[in-house]
Amino acid sequence: MKITGNGDTKVENRFRFYNTLTRQVGPVVPREDGKIRMYTCGPTVYHYAHIGNLRSYIMEDVLEKALRYAGYDVKRVMNITDVGHLSSDADTGEDKMLKGAKRENRTVMEIAQFYTDAFFADCAKLNIKTPDIVEPATNCIPEFIHMVEVLLEKGYAYTAGGNVYFDTSKLDDYFVFSSQSEKELLVGVREDVEEDANKRNRNDFVLWFTKSKFEDQALKWESPWGTGYPGWHIECSCISMKHLGEYMDIHCGGVDNIFPHHTNEIAQSESYLGHKWCSYWFHVNHLQDKSGKMSKSKGDFLTLSLLEEKGYDPLVYRMFCLQSHYRKPLEFSYGVLDNMSAAYTKLVRRIADLKPEGGIDKARFAEYREAFQAALCDDLNTSMAITIIYDLLKDEMSDATKYALIEDFDRVLSLNLTTAAVREPEKDQDVDEDMRSYILAKIEERKAAKKAKDFAAADAIREELLAKGIVLKDTREGVVWHRA
């Protein structure tokens, strides 16, 4: 079966990635109309996205672009969680949106709008394409209520203590993603929260909360069960069905969404529909530091803005993510990011030095394009895709062919490889001799502080220079600087 999509190539079920549902790498086969219906779990907009969150969105962006590059016709939908996401994925704890509103003394909707805008600003800096449709959960209250009504009518849900719960005991296979035991799968349950005594079964989850829970909940709607608000899990099911229909092809998210969020989505969606709902599940592994997974719940987390303040181009972070496979945990450190910054600068300089004059060697272009597409189709091997760029730069073919290939590849990689501003070495920057001497003296002072393991003093020197508009970067070749 061949399909023709938005790209300029034809594909024959070539694109393959690891499907969490089948636990194996397999081909993506579109439905009869040739379209790929893709859904991404969006942000809960109660705070800035941390760079671990953004790793998932970067890789989902690459997946969408790689599918389009391979010729598939993709429609992608994403939700915005602006109500209902609790501090614990076990439907317990404090509502995250309410927590954000209290923290900043704003209304919940003010918080939602501010952090929605901040999220898409980060996406723009990282060249993450906005999905075709973005839908806030608060737009879809009628859809949530309707699904709950149907699940009650079919006997998959029950009311208790004023809330409506999904009854997981009605399913033959609730743990669809794993053969692990129930205990091993309960990663979303916090031990420091009170058990919900209303549940018939430990794994049952809330479809609709009423005023009997969280009396100070800011956002409430009338429903057949009383004034209340939806549970988190039902949002993605309804929003995806609203825009993609009863059948979905690819559902994306981080590995921490597998259980319980995506497990619960499948349970309620297939019970509601009466048939299989989504064929392919794409999950991105965690970004970690030496202390483990990055999380907002720790209170202190890395944002893209913080990386920018420290002098890093956001696209350096994108390249850092692309150099690792999406299914592997990725460990972050400033040392590794410094090395990636130096590598990115060298790469864009090499590309800028090309002289794309004359004709393009069509045979060589086709050969490299095929290799690049094969890397993407092989479980989204972005590291190999970038290696192909280094290989072609060493090739004897014309600069015009190299430049055309890199422009073509950057439709997927989105690293601004042919348009990035090339920073000049510090010796060429417009600063007077006094300022240059001051900068070099501070660099030496910082070097001595680091040697003495006085990292607080070293960081203070970096911040002092940054306040004067000078950005320091540590590279394998030594410390370099440029104007902010």
# chains A, B, ... in the order shown; residues from 1 in each chain; ligands from 1

call {"tool": "select_by_dssp", "arguments": {"residues": "region 152-358 of chain A", "states": "alpha helix (DSSP H)", "output": "JSON, numbers by chain"}}
result
{"A": [152, 153, 182, 183, 184, 185, 232, 233, 234, 235, 236, 237, 238, 239, 240, 241, 242, 243, 244, 263, 264, 265, 266, 267, 268, 269, 270, 271, 272, 273, 304, 305, 306, 307, 308, 309, 314, 315, 316, 317, 318, 319, 320, 321, 322, 334, 335, 336, 337, 338, 339, 340, 341, 342, 343, 344, 345, 346, 347, 348, 349, 350, 351, 352]}

call {"tool": "residues_around", "arguments": {"residues": "Val479 (chain A)", "least_positions_apart": "6", "cutoff": "8 Å", "atoms": "only C-alpha atoms", "output": "PyMOL selection string"}}
result
chain A and resi 443+472-473

call {"tool": "atom_distance", "arguments": {"atom1": "CA of Arg462 (chain A)", "atom2": "CA of Leu306 (chain A)"}}
result
13.4 Å

call {"tool": "closest_residue", "arguments": {"among": "A:Ile389, A:Val348, A:Ala137, A:Met109", "to": "Ala218 (chain A)", "atoms": "only C-alpha atoms"}}
result
A:Met109

call {"tool": "select_by_dssp", "arguments": {"residues": "region 300-452 of chain A", "states": "strand (DSSP E or B)", "output": "PyMOL selection string"}}
result
chain A and resi 303+330-331+378

call {"tool": "write_last_selection", "arguments": {"atoms": "C-alpha atoms", "output": "compact mmCIF listing (two decimals), in the first residue's frame"}}
result
# COMPACT_ATOMS: atom_id res chain seq x y z
CA THR A 303 13.78 26.36 32.42
CA LEU A 330 19.27 11.62 28.96
CA GLU A 331 21.51 13.11 31.62
CA ASP A 378 14.48 3.56 11.89

call {"tool": "residues_around", "arguments": {"residues": "Ala121 (chain A)", "least_positions_apart": "6", "cutoff": "12 Å", "atoms": "only C-alpha atoms", "output": "list in words"}}
result
Tyr48, Ala49, Leu54, Phe114, Tyr115, Asn127, Ile128, Lys129, Thr130, Leu304, Ser305 and Pro314 of chain A

call {"tool": "write_last_selection", "arguments": {"atoms": "N, CA and C atoms", "output": "PDB file, in the first residue's frame"}}
result
ATOM      1  N   TYR A  48       6.123  27.371  34.552  1.00  0.00           N
ATOM      2  CA  TYR A  48       6.928  27.242  33.341  1.00  0.00           C
ATOM      3  C   TYR A  48       7.219  25.764  33.067  1.00  0.00           C
ATOM      4  N   ALA A  49       7.332  25.419  31.798  1.00  0.00           N
ATOM      5  CA  ALA A  49       7.802  24.088  31.440  1.00  0.00           C
ATOM      6  C   ALA A  49       9.282  23.990  31.796  1.00  0.00           C
ATOM      7  N   LEU A  54      10.298  19.842  28.014  1.00  0.00           N
ATOM      8  CA  LEU A  54      10.553  20.293  26.638  1.00  0.00           C
ATOM      9  C   LEU A  54      11.259  19.232  25.803  1.00  0.00           C
ATOM     10  N   PHE A 114      -1.133  32.985  31.237  1.00  0.00           N
ATOM     11  CA  PHE A 114       0.272  33.406  31.329  1.00  0.00           C
ATOM     12  C   PHE A 114       1.207  32.255  30.987  1.00  0.00           C
ATOM     13  N   TYR A 115       0.956  31.092  31.568  1.00  0.00           N
ATOM     14  CA  TYR A 115       1.884  29.975  31.340  1.00  0.00           C
ATOM     15  C   TYR A 115       1.639  29.255  30.021  1.00  0.00           C
ATOM     16  N   ASN A 127      12.030  26.022  17.945  1.00  0.00           N
ATOM     17  CA  ASN A 127      11.538  25.645  16.612  1.00  0.00           C
ATOM     18  C   ASN A 127      10.580  24.460  16.665  1.00  0.00           C
ATOM     19  N   ILE A 128       9.803  24.381  17.728  1.00  0.00           N
ATOM     20  CA  ILE A 128       8.763  23.354  17.835  1.00  0.00           C
ATOM     21  C   ILE A 128       7.507  23.884  17.151  1.00  0.00           C
ATOM     22  N   LYS A 129       7.054  23.166  16.158  1.00  0.00           N
ATOM     23  CA  LYS A 129       5.868  23.563  15.408  1.00  0.00           C
ATOM     24  C   LYS A 129       4.621  23.483  16.287  1.00  0.00           C
ATOM     25  N   THR A 130       3.778  24.502  16.224  1.00  0.00           N
ATOM     26  CA  THR A 130       2.506  24.451  16.939  1.00  0.00           C
ATOM     27  C   THR A 130       1.605  23.412  16.276  1.00  0.00           C
ATOM     28  N   LEU A 304      14.005  26.934  30.097  1.00  0.00           N
ATOM     29  CA  LEU A 304      14.731  27.393  28.915  1.00  0.00           C
ATOM     30  C   LEU A 304      15.244  28.814  29.120  1.00  0.00           C
ATOM     31  N   SER A 305      14.451  29.638  29.797  1.00  0.00           N
ATOM     32  CA  SER A 305      14.881  31.021  30.057  1.00  0.00           C
ATOM     33  C   SER A 305      16.147  31.055  30.897  1.00  0.00           C
ATOM     34  N   PRO A 314      18.873  28.424  22.638  1.00  0.00           N
ATOM     35  CA  PRO A 314      17.905  27.339  22.808  1.00  0.00           C
ATOM     36  C   PRO A 314      18.104  26.186  21.835  1.00  0.00           C
TER      37      PRO A 314
END

call {"tool": "residues_around", "arguments": {"residues": "region 414-419 of chain A", "least_positions_apart": "5", "cutoff": "9 Å", "atoms": "only C-alpha atoms", "output": "PyMOL selection string"}}
result
chain A and resi 62+126-128+315-316+318-319+344+347-348+351-352+403+406-407+409

call {"tool": "residues_around", "arguments": {"residues": "region 246-257 of chain A", "least_positions_apart": "3", "cutoff": "9 Å", "atoms": "only C-alpha atoms", "output": "JSON list (two decimals) with N, CA and C atoms, in the first residue's frame"}}
result
[["chain", "number", "residue", "atom", "x", "y", "z"],
["A", 28, "VAL", "N", 4.40, 2.04, 10.89],
["A", 28, "VAL", "CA", 3.19, 2.84, 11.03],
["A", 28, "VAL", "C", 2.36, 2.65, 9.76],
["A", 29, "VAL", "N", 1.18, 2.10, 9.91],
["A", 29, "VAL", "CA", 0.30, 1.86, 8.76],
["A", 29, "VAL", "C", -0.90, 2.79, 8.88],
["A", 30, "PRO", "N", -1.03, 3.76, 7.98],
["A", 30, "PRO", "CA", -2.17, 4.68, 8.06],
["A", 30, "PRO", "C", -3.49, 4.00, 7.72],
["A", 31, "ARG", "N", -4.57, 4.66, 8.05],
["A", 31, "ARG", "CA", -5.90, 4.13, 7.74],
["A", 31, "ARG", "C", -6.18, 4.29, 6.24],
["A", 35, "LYS", "N", -4.39, 9.18, 6.12],
["A", 35, "LYS", "CA", -4.04, 10.22, 7.09],
["A", 35, "LYS", "C", -3.50, 9.60, 8.38],
["A", 36, "ILE", "N", -2.58, 10.32, 9.01],
["A", 36, "ILE", "CA", -2.09, 9.95, 10.34],
["A", 36, "ILE", "C", -2.70, 10.92, 11.34],
["A", 37, "ARG", "N", -3.50, 10.39, 12.25],
["A", 37, "ARG", "CA", -4.12, 11.20, 13.30],
["A", 37, "ARG", "C", -3.26, 11.09, 14.55],
["A", 38, "MET", "N", -2.70, 12.20, 14.97],
["A", 38, "MET", "CA", -1.67, 12.21, 16.01],
["A", 38, "MET", "C", -2.10, 13.13, 17.14],
["A", 39, "TYR", "N", -1.89, 12.67, 18.37],
["A", 39, "TYR", "CA", -2.29, 13.45, 19.54],
["A", 39, "TYR", "C", -1.12, 13.55, 20.51],
["A", 40, "THR", "N", -0.93, 14.74, 21.07],
["A", 40, "THR", "CA", 0.13, 15.01, 22.03],
["A", 40, "THR", "C", -0.47, 15.50, 23.33],
["A", 41, "CYS", "N", -0.09, 14.86, 24.44],
["A", 41, "CYS", "CA", -0.48, 15.37, 25.74],
["A", 41, "CYS", "C", 0.21, 16.71, 25.97],
["A", 42, "GLY", "N", -0.57, 17.77, 26.14],
["A", 42, "GLY", "CA", -0.01, 19.10, 26.28],
["A", 42, "GLY", "C", 0.35, 19.43, 27.72],
["A", 53, "ASN", "N", 10.41, 18.55, 30.48],
["A", 53, "ASN", "CA", 9.16, 18.58, 29.72],
["A", 53, "ASN", "C", 9.44, 18.86, 28.24],
["A", 55, "ARG", "N", 12.00, 18.32, 26.45],
["A", 55, "ARG", "CA", 12.59, 17.22, 25.68],
["A", 55, "ARG", "C", 11.50, 16.42, 24.98],
["A", 56, "SER", "N", 10.42, 16.12, 25.70],
["A", 56, "SER", "CA", 9.32, 15.35, 25.09],
["A", 56, "SER", "C", 8.72, 16.11, 23.91],
["A", 57, "TYR", "N", 8.49, 17.42, 24.08],
["A", 57, "TYR", "CA", 7.88, 18.18, 22.99],
["A", 57, "TYR", "C", 8.81, 18.32, 21.79],
["A", 60, "GLU", "N", 8.59, 14.89, 20.02],
["A", 60, "GLU", "CA", 7.28, 14.75, 19.36],
["A", 60, "GLU", "C", 7.22, 15.62, 18.12],
["A", 187, "VAL", "N", 3.29, 3.83, 39.84],
["A", 187, "VAL", "CA", 4.29, 4.88, 39.95],
["A", 187, "VAL", "C", 3.66, 6.24, 40.15],
["A", 188, "GLY", "N", 2.38, 6.38, 39.84],
["A", 188, "GLY", "CA", 1.73, 7.68, 39.96],
["A", 188, "GLY", "C", 1.14, 7.95, 41.33],
["A", 240, "SER", "N", -9.23, 14.55, 21.96],
["A", 240, "SER", "CA", -8.77, 13.83, 20.77],
["A", 240, "SER", "C", -9.95, 13.38, 19.92],
["A", 241, "MET", "N", -11.00, 12.86, 20.56],
["A", 241, "MET", "CA", -12.18, 12.41, 19.78],
["A", 241, "MET", "C", -12.88, 13.58, 19.11],
["A", 242, "LYS", "N", -12.90, 14.73, 19.77],
["A", 242, "LYS", "CA", -13.56, 15.90, 19.21],
["A", 242, "LYS", "C", -12.92, 16.30, 17.87],
["A", 260, "PRO", "N", -0.46, 6.37, 35.43],
["A", 260, "PRO", "CA", -1.79, 5.86, 35.06],
["A", 260, "PRO", "C", -2.47, 6.60, 33.91],
["A", 261, "HIS", "N", -1.91, 7.73, 33.47],
["A", 261, "HIS", "CA", -2.67, 8.61, 32.58],
["A", 261, "HIS", "C", -3.08, 7.93, 31.28],
["A", 262, "HIS", "N", -2.13, 7.39, 30.54],
["A", 262, "HIS", "CA", -2.48, 6.78, 29.25],
["A", 262, "HIS", "C", -3.22, 5.46, 29.44],
["A", 263, "THR", "N", -2.90, 4.75, 30.49],
["A", 263, "THR", "CA", -3.65, 3.53, 30.81],
["A", 263, "THR", "C", -5.12, 3.86, 31.04],
["A", 269, "SER", "N", -11.76, 5.39, 27.08],
["A", 269, "SER", "CA", -12.07, 5.63, 25.67],
["A", 269, "SER", "C", -12.64, 4.39, 25.00],
["A", 273, "LEU", "N", -16.33, 3.92, 23.52],
["A", 273, "LEU", "CA", -16.51, 3.71, 22.09],
["A", 273, "LEU", "C", -16.99, 2.30, 21.76],
["A", 275, "HIS", "N", -14.80, -0.05, 20.91],
["A", 275, "HIS", "CA", -13.83, -0.63, 19.98],
["A", 275, "HIS", "C", -12.44, -0.10, 20.29],
["A", 276, "LYS", "N", -11.43, -0.68, 19.63],
["A", 276, "LYS", "CA", -10.05, -0.24, 19.81],
["A", 276, "LYS", "C", -9.94, 1.22, 19.41],
["A", 277, "TRP", "N", -9.15, 1.96, 20.16],
["A", 277, "TRP", "CA", -9.12, 3.42, 19.99],
["A", 277, "TRP", "C", -7.85, 3.90, 19.30],
["A", 278, "CYS", "N", -6.68, 3.57, 19.84],
["A", 278, "CYS", "CA", -5.42, 4.10, 19.31],
["A", 278, "CYS", "C", -4.45, 2.95, 19.06],
["A", 279, "SER", "N", -3.80, 3.00, 17.90],
["A", 279, "SER", "CA", -2.93, 1.88, 17.49],
["A", 279, "SER", "C", -1.48, 2.02, 17.95],
["A", 280, "TYR", "N", -0.96, 3.24, 18.01],
["A", 280, "TYR", "CA", 0.48, 3.44, 18.26],
["A", 280, "TYR", "C", 0.68, 4.42, 19.41],
["A", 281, "TRP", "N", 1.59, 4.06, 20.32],
["A", 281, "TRP", "CA", 1.88, 4.90, 21.48],
["A", 281, "TRP", "C", 3.37, 5.20, 21.50],
["A", 282, "PHE", "N", 3.70, 6.49, 21.47],
["A", 282, "PHE", "CA", 5.09, 6.98, 21.37],
["A", 282, "PHE", "C", 5.45, 7.69, 22.66],
["A", 283, "HIS", "N", 6.43, 7.18, 23.38],
["A", 283, "HIS", "CA", 6.80, 7.75, 24.67],
["A", 283, "HIS", "C", 8.27, 8.13, 24.72],
["A", 284, "VAL", "N", 8.54, 9.31, 25.27],
["A", 284, "VAL", "CA", 9.90, 9.86, 25.37],
["A", 284, "VAL", "C", 10.39, 9.67, 26.80],
["A", 285, "ASN", "N", 11.63, 9.22, 26.94],
["A", 285, "ASN", "CA", 12.18, 8.96, 28.27],
["A", 285, "ASN", "C", 12.56, 10.25, 28.97],
["A", 286, "HIS", "N", 12.91, 10.12, 30.26],
["A", 286, "HIS", "CA", 13.17, 11.27, 31.12],
["A", 286, "HIS", "C", 14.49, 11.98, 30.78],
["A", 327, "ARG", "N", 14.23, 7.09, 23.40],
["A", 327, "ARG", "CA", 13.82, 6.06, 24.36],
["A", 327, "ARG", "C", 14.83, 5.85, 25.48]]

call {"tool": "atom_distance", "arguments": {"atom1": "CA of Tyr390 (chain A)", "atom2": "CA of Gln373 (chain A)"}}
result
15.5 Å

call {"tool": "closest_residue", "arguments": {"among": "A:Ile111, A:Glu396, A:Ser271, A:Phe209", "to": "Glu153 (chain A)", "atoms": "only C-alpha atoms"}}
result
A:Ser271

call {"tool": "atom_distance", "arguments": {"atom1": "CA of Leu67 (chain A)", "atom2": "CA of Phe372 (chain A)"}}
result
12.7 Å

call {"tool": "closest_residue", "arguments": {"among": "A:Lys125, A:His325, A:Arg16, A:Lys199", "to": "Ala160 (chain A)", "atoms": "only C-alpha atoms"}}
result
A:Lys199

call {"tool": "residues_around", "arguments": {"residues": "region 201-207 of chain A", "least_positions_apart": "5", "cutoff": "7 Å", "atoms": "only C-alpha atoms", "output": "JSON, numbers by chain"}}
result
{"A": [91, 148, 163, 164, 165, 166, 167, 168, 230, 231, 234]}

call {"tool": "write_last_selection", "arguments": {"atoms": "N, CA and C atoms", "output": "mmCIF file, in the first residue's frame"}}
result
data_model
loop_
_atom_site.group_PDB
_atom_site.id
_atom_site.type_symbol
_atom_site.label_atom_id
_atom_site.label_comp_id
_atom_site.auth_asym_id
_atom_site.auth_seq_id
_atom_site.Cartn_x
_atom_site.Cartn_y
_atom_site.Cartn_z
ATOM 1 N N ASP A 91 -5.204 10.802 41.453
ATOM 2 C CA ASP A 91 -6.412 11.600 41.700
ATOM 3 C C ASP A 91 -6.489 12.088 43.138
ATOM 4 N N VAL A 148 -18.902 10.948 30.528
ATOM 5 C CA VAL A 148 -19.186 10.396 31.856
ATOM 6 C C VAL A 148 -20.592 9.789 31.881
ATOM 7 N N ASN A 163 -18.536 12.021 43.891
ATOM 8 C CA ASN A 163 -17.691 11.965 42.699
ATOM 9 C C ASN A 163 -18.115 10.809 41.802
ATOM 10 N N VAL A 164 -17.686 10.860 40.537
ATOM 11 C CA VAL A 164 -17.942 9.779 39.595
ATOM 12 C C VAL A 164 -16.617 9.093 39.304
ATOM 13 N N TYR A 165 -16.573 7.779 39.447
ATOM 14 C CA TYR A 165 -15.346 7.002 39.271
ATOM 15 C C TYR A 165 -15.485 6.010 38.123
ATOM 16 N N PHE A 166 -14.372 5.731 37.465
ATOM 17 C CA PHE A 166 -14.330 4.638 36.488
ATOM 18 C C PHE A 166 -14.034 3.354 37.244
ATOM 19 N N ASP A 167 -14.779 2.299 36.912
ATOM 20 C CA ASP A 167 -14.638 1.013 37.597
ATOM 21 C C ASP A 167 -13.698 0.113 36.800
ATOM 22 N N THR A 168 -12.442 0.040 37.223
ATOM 23 C CA THR A 168 -11.455 -0.735 36.477
ATOM 24 C C THR A 168 -11.695 -2.243 36.570
ATOM 25 N N PRO A 230 -13.917 18.256 35.836
ATOM 26 C CA PRO A 230 -13.515 16.943 35.325
ATOM 27 C C PRO A 230 -12.226 16.435 35.954
ATOM 28 N N GLY A 231 -12.071 15.128 35.945
ATOM 29 C CA GLY A 231 -10.780 14.521 36.263
ATOM 30 C C GLY A 231 -9.818 14.758 35.111
ATOM 31 N N ILE A 234 -9.824 12.239 31.629
ATOM 32 C CA ILE A 234 -10.890 12.288 30.634
ATOM 33 C C ILE A 234 -10.653 13.387 29.594
#

call {"tool": "closest_residue", "arguments": {"among": "A:Ala441, A:Ala375, A:Ala420, A:Leu393", "to": "Arg14 (chain A)", "atoms": "only C-alpha atoms"}}
result
A:Ala375
